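Engineer: This is upload_30.cif, which holds mmCIF, C-alpha atoms and all ligand atoms:
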```cif
data_run
#
loop_
_atom_site.label_atom_id
_atom_site.label_comp_id
_atom_site.auth_asym_id
_atom_site.auth_seq_id
_atom_site.Cartn_x
_atom_site.Cartn_y
_atom_site.Cartn_z
CA MET E 1 14.28 13.00 -35.99
CA ASN E 2 15.86 10.20 -33.97
CA LEU E 3 14.86 10.40 -30.32
CA ILE E 4 18.03 8.67 -29.14
CA ALA E 5 20.64 11.34 -29.83
CA ASP E 6 23.65 9.29 -28.82
CA TRP E 7 23.75 5.67 -27.71
CA ASN E 8 27.32 6.27 -26.54
CA GLY E 9 28.52 3.13 -28.29
CA VAL E 10 27.15 0.92 -25.52
CA ASP E 11 27.49 -2.82 -26.18
CA PRO E 12 23.87 -4.10 -26.30
CA ARG E 13 24.82 -6.98 -23.98
CA LYS E 14 25.61 -4.43 -21.27
CA ALA E 15 22.12 -2.93 -21.56
CA LYS E 16 20.79 -6.06 -19.87
CA THR E 17 23.35 -6.44 -17.14
CA GLU E 18 24.78 -3.03 -16.30
CA ILE E 19 23.78 0.56 -15.66
CA VAL E 20 23.75 2.15 -19.09
CA ARG E 21 23.57 5.85 -19.94
CA PHE E 22 22.66 7.47 -23.23
CA ASN E 23 21.40 10.78 -24.58
CA HIS E 24 18.02 11.68 -26.02
CA ARG E 25 16.12 14.47 -27.73
CA LEU E 26 12.71 14.22 -26.03
CA ALA E 27 12.77 17.95 -25.17
CA GLU E 28 12.86 18.77 -28.89
CA THR E 29 9.42 17.24 -29.40
CA GLY E 30 7.95 20.27 -27.59
CA LEU E 31 5.80 17.93 -25.50
CA PHE E 32 7.51 18.72 -22.20
CA THR E 33 7.38 22.53 -21.99
CA ASP E 34 5.31 24.12 -19.20
CA GLU E 35 2.48 24.83 -21.65
CA ALA E 36 2.47 21.33 -23.15
CA LEU E 37 2.57 19.67 -19.71
CA ALA E 38 -0.30 21.87 -18.50
CA ARG E 39 -2.32 20.74 -21.52
CA LEU E 40 -1.39 17.11 -20.90
CA ILE E 41 -2.67 17.37 -17.31
CA ASP E 42 -5.89 19.01 -18.53
CA GLU E 43 -6.39 16.26 -21.10
CA THR E 44 -5.78 13.44 -18.60
CA PRO E 45 -8.63 12.25 -16.36
CA ARG E 46 -7.72 13.71 -12.97
CA GLU E 47 -7.96 10.32 -11.23
CA GLU E 48 -5.07 9.21 -13.46
CA VAL E 49 -2.83 12.02 -12.17
CA THR E 50 -0.89 11.19 -9.00
CA ILE E 51 -0.48 14.21 -6.73
CA CYS E 52 1.71 13.92 -3.68
CA THR E 53 4.28 15.59 -1.51
CA MET E 54 7.06 14.27 0.68
CA GLN E 55 9.72 15.32 3.11
CA PRO E 56 12.33 17.40 1.24
CA CYS E 57 15.40 15.34 0.26
CA PRO E 58 13.45 12.29 1.45
CA PRO E 59 15.31 9.60 3.40
CA ALA E 60 15.39 6.18 1.69
CA ASP E 61 12.63 4.73 3.86
CA VAL E 62 10.13 7.61 3.95
CA ARG E 63 7.08 7.29 1.70
CA TRP E 64 5.20 10.05 -0.04
CA ILE E 65 1.94 11.66 1.12
CA ALA E 66 -1.09 11.75 -1.21
CA GLY E 67 -3.03 14.92 -1.93
CA ASN E 68 -5.68 16.39 -4.15
CA ALA E 69 -5.95 19.23 -6.64
CA LYS E 70 -9.56 19.07 -7.69
CA ASP E 71 -10.11 22.71 -8.55
CA LEU E 72 -6.79 23.51 -10.20
CA ASP E 73 -6.06 23.25 -13.91
CA GLY E 74 -2.83 22.03 -15.45
CA ALA E 75 -1.20 25.48 -15.61
CA ALA E 76 -1.85 26.06 -11.89
CA LEU E 77 -0.42 22.63 -11.05
CA ILE E 78 2.75 23.34 -13.02
CA GLU E 79 3.06 26.67 -11.20
CA ALA E 80 2.60 24.87 -7.86
CA ALA E 81 5.26 22.30 -8.80
CA LYS E 82 7.67 25.15 -9.56
CA ARG E 83 7.03 27.00 -6.30
CA GLY E 84 6.16 24.25 -3.86
CA ARG E 85 6.88 20.70 -2.79
CA LEU E 86 4.90 18.58 -5.17
CA TRP E 87 5.06 15.45 -7.26
CA VAL E 88 2.58 15.49 -10.16
CA SER E 89 2.43 12.47 -12.43
CA PRO E 90 0.04 11.76 -15.27
CA ARG E 91 0.38 7.99 -15.01
CA ASN E 92 0.52 6.00 -18.25
CA ALA E 93 0.34 9.29 -20.16
CA MET E 94 2.89 8.07 -22.69
CA THR E 95 0.59 5.27 -23.82
CA LYS E 96 -2.84 6.75 -23.13
CA HIS E 97 -2.49 10.19 -24.75
CA PRO E 98 -2.43 9.79 -28.54
CA THR E 99 0.18 12.53 -29.19
CA TYR E 100 2.56 11.21 -26.54
CA ARG E 101 1.88 7.62 -27.59
CA LYS E 102 3.28 8.29 -31.06
CA VAL E 103 6.54 9.59 -29.60
CA PHE E 104 6.69 6.74 -27.07
CA ASP E 105 6.22 4.06 -29.73
CA GLN E 106 9.07 5.58 -31.71
CA LEU E 107 11.40 5.82 -28.74
CA MET E 108 10.77 2.25 -27.60
CA GLY E 109 11.42 1.12 -31.18
CA GLU E 110 14.74 2.96 -31.17
CA PHE E 111 15.65 1.69 -27.70
CA GLY E 112 14.83 -1.92 -28.53
CA LYS E 113 17.02 -1.73 -31.63
CA ALA E 114 19.95 -0.03 -29.87
CA ALA E 115 19.81 -2.37 -26.86
CA GLY E 116 19.17 -5.49 -28.94
CA MET E 117 15.98 -6.26 -27.02
CA ARG E 118 12.59 -7.43 -28.20
CA ILE E 119 10.10 -5.27 -26.33
CA LEU E 120 6.91 -7.21 -25.60
CA SER E 121 5.05 -4.47 -23.77
CA ALA E 122 5.86 -1.03 -22.38
CA ASP E 123 4.25 1.77 -20.46
CA ALA E 124 5.51 5.07 -19.09
CA SER E 125 4.53 7.89 -16.76
CA VAL E 126 5.40 11.55 -17.02
CA LEU E 127 6.89 12.85 -13.75
CA ILE E 128 6.76 16.55 -12.92
CA SER E 129 8.34 17.22 -9.55
CA SER E 130 9.54 20.11 -7.43
CA ALA E 131 13.06 20.78 -6.22
CA ASP E 132 14.21 18.41 -3.45
CA MET E 133 11.45 15.84 -3.97
CA GLY E 134 12.33 12.19 -4.56
CA ILE E 135 11.26 8.57 -4.43
CA PHE E 136 12.03 6.17 -1.61
CA PHE E 137 13.94 2.87 -1.89
CA HIS E 138 11.95 0.34 -3.94
CA VAL E 139 12.19 -2.27 -6.67
CA ASP E 140 10.05 -2.61 -9.79
CA PRO E 141 9.03 -6.04 -11.05
CA ALA E 142 9.43 -5.01 -14.72
CA GLU E 143 12.46 -3.76 -16.63
CA THR E 144 12.74 -0.04 -15.92
CA MET E 145 14.56 3.03 -17.17
CA LEU E 146 14.40 6.77 -16.71
CA TRP E 147 14.55 9.38 -19.46
CA HIS E 148 15.29 12.70 -17.82
CA ILE E 149 14.09 15.80 -19.64
CA ARG E 150 14.40 18.92 -17.46
CA GLY E 151 16.28 19.81 -14.26
CA THR E 152 18.82 17.76 -12.36
CA LYS E 153 18.40 14.62 -10.30
CA THR E 154 20.38 11.79 -8.77
CA LEU E 155 19.36 8.19 -9.15
CA LEU E 156 20.81 5.71 -6.65
CA VAL E 157 20.91 2.14 -7.96
CA TYR E 158 21.62 -0.85 -5.70
CA PRO E 159 22.76 -4.29 -6.85
CA PRO E 160 19.99 -6.89 -7.24
CA ARG E 161 21.63 -9.25 -4.73
CA GLU E 162 19.97 -11.39 -2.07
CA ASP E 163 21.39 -9.24 0.77
CA ILE E 164 19.78 -6.13 -0.77
CA VAL E 165 16.58 -7.50 -2.30
CA THR E 166 15.59 -10.99 -1.23
CA GLU E 167 13.93 -13.47 -3.55
CA GLN E 168 11.03 -13.63 -1.13
CA ALA E 169 10.55 -9.86 -1.37
CA LEU E 170 10.50 -10.02 -5.17
CA GLU E 171 8.06 -12.93 -5.10
CA ALA E 172 5.76 -10.95 -2.80
CA ILE E 173 5.76 -8.03 -5.24
CA LEU E 174 5.11 -10.27 -8.25
CA LEU E 175 2.36 -12.11 -6.38
CA LYS E 176 0.91 -8.69 -5.53
CA GLU E 177 1.08 -9.33 -1.79
CA THR E 178 2.91 -6.03 -1.34
CA LEU E 179 3.65 -2.90 -3.33
CA SER E 180 7.17 -2.24 -4.55
CA ASP E 181 8.45 -1.07 -1.13
CA LEU E 182 11.50 -2.84 0.22
CA PRO E 183 13.09 -2.94 3.66
CA TRP E 184 16.05 -0.58 3.67
CA ARG E 185 19.08 -0.59 5.96
CA PRO E 186 21.69 2.17 6.30
CA ASP E 187 24.50 -0.29 5.49
CA MET E 188 23.06 -0.70 1.97
CA GLU E 189 24.13 2.84 1.13
CA LYS E 190 27.73 1.78 0.55
CA GLU E 191 26.46 -0.45 -2.28
CA ALA E 192 24.61 2.35 -4.10
CA VAL E 193 25.82 3.62 -7.45
CA ALA E 194 24.91 7.32 -7.85
CA VAL E 195 23.94 8.43 -11.35
CA THR E 196 23.47 12.17 -11.75
CA LEU E 197 21.22 13.19 -14.60
CA LYS E 198 20.55 16.42 -16.39
CA GLY E 199 18.01 17.09 -19.12
CA GLY E 200 18.61 15.02 -22.24
CA GLU E 201 20.17 12.08 -20.38
CA ALA E 202 18.63 8.64 -19.91
CA VAL E 203 19.64 5.66 -17.82
CA SER E 204 18.60 2.03 -17.73
CA TRP E 205 19.61 -0.53 -15.13
CA PRO E 206 19.46 -4.31 -14.72
CA ILE E 207 16.09 -5.81 -13.89
CA HIS E 208 15.23 -6.03 -10.16
CA SER E 209 17.90 -3.50 -9.12
CA PRO E 210 16.43 -1.53 -6.20
CA HIS E 211 16.70 2.22 -6.61
CA ARG E 212 15.66 5.60 -5.25
CA VAL E 213 15.70 9.14 -6.59
CA LEU E 214 16.60 12.58 -5.23
CA ASN E 215 15.80 15.72 -7.20
CA GLY E 216 18.22 18.62 -7.40
CA ALA E 217 17.32 22.22 -6.57
CA ASP E 218 15.13 22.78 -9.64
CA LEU E 219 11.88 21.64 -11.28
CA ASN E 220 12.29 18.12 -12.67
CA VAL E 221 10.53 16.62 -15.68
CA SER E 222 11.20 12.97 -16.52
CA MET E 223 9.63 9.94 -18.08
CA SER E 224 9.81 6.64 -16.21
CA VAL E 225 9.43 3.56 -18.38
CA GLU E 226 8.46 0.00 -17.49
CA PHE E 227 8.76 -2.69 -20.12
CA SER E 228 8.97 -6.42 -20.56
CA THR E 229 11.18 -8.54 -22.79
CA PRO E 230 11.21 -12.31 -23.35
CA ARG E 231 14.02 -12.48 -20.79
CA SER E 232 12.22 -10.50 -18.10
CA MET E 233 9.06 -12.49 -18.75
CA LEU E 234 10.91 -15.78 -18.19
CA THR E 235 12.77 -14.50 -15.13
CA ASN E 236 9.59 -13.22 -13.53
CA GLY E 237 7.89 -16.53 -14.41
CA VAL E 238 10.48 -18.34 -12.28
CA PHE E 239 10.03 -15.90 -9.37
CA TYR E 240 6.27 -16.25 -9.59
CA THR E 241 6.27 -20.05 -9.69
CA ASN E 242 8.81 -20.31 -6.89
CA GLY E 243 6.77 -17.85 -4.85
CA ILE E 244 3.81 -20.21 -5.11
CA LEU E 245 5.96 -23.28 -4.31
CA ARG E 246 7.35 -21.54 -1.23
CA ARG E 247 3.97 -20.39 0.04
CA ARG E 248 1.71 -23.31 -0.81
CA LEU E 249 4.08 -26.28 -0.61
CA GLY E 250 6.54 -24.99 1.99
CA MET E 251 9.46 -25.48 -0.38
CA ASN E 252 12.61 -23.35 -0.32
CA PRO E 253 13.47 -22.79 -4.00
CA GLN E 254 16.29 -20.56 -5.27
CA THR E 255 15.33 -18.47 -8.26
CA ARG E 256 18.63 -16.76 -8.99
CA GLY E 257 20.39 -20.07 -9.62
CA THR E 258 17.81 -21.37 -12.10
CA PRO E 259 19.45 -22.51 -15.37
CA GLY E 260 18.19 -20.58 -18.41
CA VAL E 261 17.13 -23.78 -20.11
CA LEU E 262 14.56 -24.45 -17.38
CA LYS E 263 13.08 -20.96 -17.33
CA PRO E 264 10.47 -21.54 -20.07
CA ALA E 265 8.99 -24.39 -18.01
CA TYR E 266 8.69 -22.12 -14.97
CA TRP E 267 7.17 -19.41 -17.11
CA ALA E 268 4.59 -21.86 -18.48
CA ALA E 269 3.84 -22.98 -14.92
CA ALA E 270 3.42 -19.35 -13.82
CA ARG E 271 0.99 -18.77 -16.66
CA ALA E 272 -1.04 -21.82 -15.74
CA ILE E 273 -1.11 -20.85 -12.05
CA LYS E 274 -2.17 -17.30 -12.90
CA ALA E 275 -5.00 -18.64 -15.04
CA LEU E 276 -6.18 -20.97 -12.27
CA ALA E 277 -5.70 -18.56 -9.37
CA PRO E 278 -5.23 -14.95 -10.48
CA PRO E 279 -3.12 -12.84 -8.11
CA LYS E 280 -4.88 -10.52 -5.72
CA THR E 281 -5.41 -7.10 -7.20
CA ASN E 282 -6.47 -5.25 -4.08
CA VAL E 283 -3.09 -4.61 -2.45
CA GLU E 284 -3.03 -0.98 -3.53
CA ARG E 285 -3.50 0.85 -0.27
CA ALA E 286 -6.22 3.42 -0.18
CA HIS E 287 -4.13 6.56 -0.29
CA VAL E 288 -5.78 8.91 2.16
CA ARG E 289 -5.66 12.44 0.76
CA MET E 290 -3.92 14.53 3.38
CA PHE E 291 -3.68 17.89 1.62
CA ASP E 292 -5.00 20.06 -1.18
CA VAL E 293 -2.76 21.94 -3.57
CA ASP E 294 -3.18 25.65 -2.87
CA LEU E 295 -1.04 28.31 -4.53
CA SER E 296 -1.50 30.61 -1.54
CA ALA E 297 -0.31 28.08 1.10
CA PRO E 298 3.31 27.56 2.21
CA TRP E 299 4.96 25.27 -0.38
CA CYS E 300 1.53 25.24 -2.13
CA ILE E 301 0.34 22.57 0.34
CA ARG E 302 -2.83 23.19 2.37
CA TRP E 303 -2.90 20.42 4.98
CA ARG E 304 -6.27 18.97 5.84
CA ARG E 305 -7.38 19.14 9.45
CA GLY E 306 -5.54 16.57 11.53
CA CYS E 307 -3.06 15.81 8.74
CA GLU E 308 -0.43 18.42 9.58
CA PRO E 309 3.02 16.97 8.91
CA SER E 310 5.93 16.31 11.21
CA ALA E 311 8.70 18.84 11.79
CA ASP E 312 10.79 16.94 9.22
CA TRP E 313 8.45 17.96 6.43
CA ASN E 314 8.61 21.63 7.43
CA LYS E 315 12.37 21.84 7.74
CA ALA E 316 14.31 23.57 5.03
CA ALA E 317 15.73 21.26 2.38
FE FE G 1 11.21 2.56 -9.89
#
```
Would you give me this structure, written as structure tokens?

Structural biologist:
Amino acid sequence: MNLIADWNGVDPRKAKTEIVRFNHRLAETGLFTDEALARLIDETPREEVTICTMQPCPPADVRWIAGNAKDLDGAALIEAAKRGRLWVSPRNAMTKHPTYRKVFDQLMGEFGKAAGMRILSADASVLISSADMGIFFHVDPAETMLWHIRGTKTLLVYPPREDIVTEQALEAILLKETLSDLPWRPDMEKEAVAVTLKGGEAVSWPIHSPHRVLNGADLNVSMSVEFSTPRSMLTNGVFYTNGILRRRLGMNPQTRGTPGVLKPAYWAAARAIKALAPPKTNVERAHVRMFDVDLSAPWCIRWRRGCEPSADWNKAA
């Protein structure tokens, strides 16, 4: 069975430069039913499962809140995601779990062929999230796409322009000085392209396009993919090298205007710099656990003492 059901006749050149939508058959693998997802959670080391909550219909600049679910098995977590306000994500499940890995390798093979891209590396998370959850405004350093499997959601994609995402911000993310958060301003909203997705639809967007996500009124199951291609590797090599030039030599380089012919030199420089001075790896903030998942608590969230949320969290979606 082909996992891409319909490529919609998209010109492969557009897959690199535009928002591209296509259809897939991931649901037919049987790996994303409630039972299969519960098993996946049980078979994933719990420290590799992100558990968080957030304000319903989260504003673009509001981050999520980390929690814990130590004593609950996969079936209970799926139940909590259906009834409550939760985001449950076995990170890297598509490459770490052997059954899911097989499907993922096939789908990346099909995608690379359809989009005319050579995929150098790829990883993907499974996202299981309640109605009205979402992800704040951010940018990923890698190429990214979203394969949506169950429920409805809206992805908002913003153009990767200097007035939306500065070169300095991208450099900081690539140099691991910051996470993928970006400053957001209300006037950026007029630039957003809204892509509504239902199960069986996938979307990819140009590298370094900021984005955010808002779930619909139902349980959402998706797969978010990060991958690299020779092109993204070269582009990020230029950002990385220029980030170093800006910070250590006080220069003011412009990455977006770099001619393609020069990019391999920048990439080689980035590789050499990384070998000499590896980027910091300790930027990941310690996510303080503020709640425990509890099926008997309102929205299945039992707040820890002193961590009770603001009125915004408690308001109806
Ligand atoms: Fe993202």

Engineer: Quick one: residues within 9 Å of ligand FE 1 (chain G), with all atoms listed in the file, as a JSON list (two decimals) with C-alpha atoms, in the coordinates of the input?

Structural biologist:
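Output (result_0.json):
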```json
[["chain", "number", "residue", "atom", "x", "y", "z"],
["E", 135, "ILE", "CA", 11.26, 8.57, -4.43],
["E", 137, "PHE", "CA", 13.94, 2.87, -1.89],
["E", 138, "HIS", "CA", 11.95, 0.34, -3.94],
["E", 139, "VAL", "CA", 12.19, -2.27, -6.67],
["E", 140, "ASP", "CA", 10.05, -2.61, -9.79],
["E", 141, "PRO", "CA", 9.03, -6.04, -11.05],
["E", 144, "THR", "CA", 12.74, -0.04, -15.92],
["E", 145, "MET", "CA", 14.56, 3.03, -17.17],
["E", 146, "LEU", "CA", 14.40, 6.77, -16.71],
["E", 180, "SER", "CA", 7.17, -2.24, -4.55],
["E", 210, "PRO", "CA", 16.43, -1.53, -6.20],
["E", 211, "HIS", "CA", 16.70, 2.22, -6.61],
["E", 212, "ARG", "CA", 15.66, 5.60, -5.25],
["E", 213, "VAL", "CA", 15.70, 9.14, -6.59],
["E", 224, "SER", "CA", 9.81, 6.64, -16.21],
["E", 225, "VAL", "CA", 9.43, 3.56, -18.38],
["E", 226, "GLU", "CA", 8.46, 0.00, -17.49]]
```

Engineer: Counting all atoms listed in the file, figure out which residue out of E:Pro12, E:Pro160, E:Gly306, E:Gly260 gets nearest to Gly112 of chain E.

Structural biologist: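 The shortest atom-to-atom distance to Gly112 of chain E comes from E:Pro12.
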
Engineer: Go ahead and find all residues with at least one atom no further than 8 Å from (18.5, 8.6, -7.5) in the file's coordinates, using all atoms listed in the file; report them as a PyMOL selection string.

Structural biologist: chain E and resi 134-135+153-157+194-196+211-215

Engineer: With C-alpha atoms kept, could you save the residues just selected as a CSV table (one decimal), in the coordinates of the input?

Structural biologist:
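Listed below is the output, out27.csv:
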```
chain,number,residue,atom,x,y,z
E,134,GLY,CA,12.3,12.2,-4.6
E,135,ILE,CA,11.3,8.6,-4.4
E,153,LYS,CA,18.4,14.6,-10.3
E,154,THR,CA,20.4,11.8,-8.8
E,155,LEU,CA,19.4,8.2,-9.2
E,156,LEU,CA,20.8,5.7,-6.6
E,157,VAL,CA,20.9,2.1,-8.0
E,194,ALA,CA,24.9,7.3,-7.8
E,195,VAL,CA,23.9,8.4,-11.4
E,196,THR,CA,23.5,12.2,-11.8
E,211,HIS,CA,16.7,2.2,-6.6
E,212,ARG,CA,15.7,5.6,-5.2
E,213,VAL,CA,15.7,9.1,-6.6
E,214,LEU,CA,16.6,12.6,-5.2
E,215,ASN,CA,15.8,15.7,-7.2
```

Engineer: Provide the atom CA of Val49 of chain E to atom CA of Val88 of chain E distance in Å, to one decimal place.

Structural biologist: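 We find that atom CA of Val49 of chain E and atom CA of Val88 of chain E lie 6.7 Å from each other.
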
Engineer: With only C-alpha atoms as the atoms that count, which of E:Ala15, E:Leu174, E:Ala81, E:Ala217 lies nearest to Tyr240 of chain E?

Structural biologist: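 The answer is E:Leu174, which sits nearest to Tyr240 of chain E.
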
Engineer: Give the answer as one residue: which of E:Phe136, E:Asp218, E:Asp292, E:Asp105 has the shortest atom-to-atom distance to Thr152 of chain E, using only C-alpha atoms?

Structural biologist: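 Of E:Phe136, E:Asp218, E:Asp292, E:Asp105, the one nearest Thr152 of chain E, counting only C-alpha atoms, is E:Asp218.
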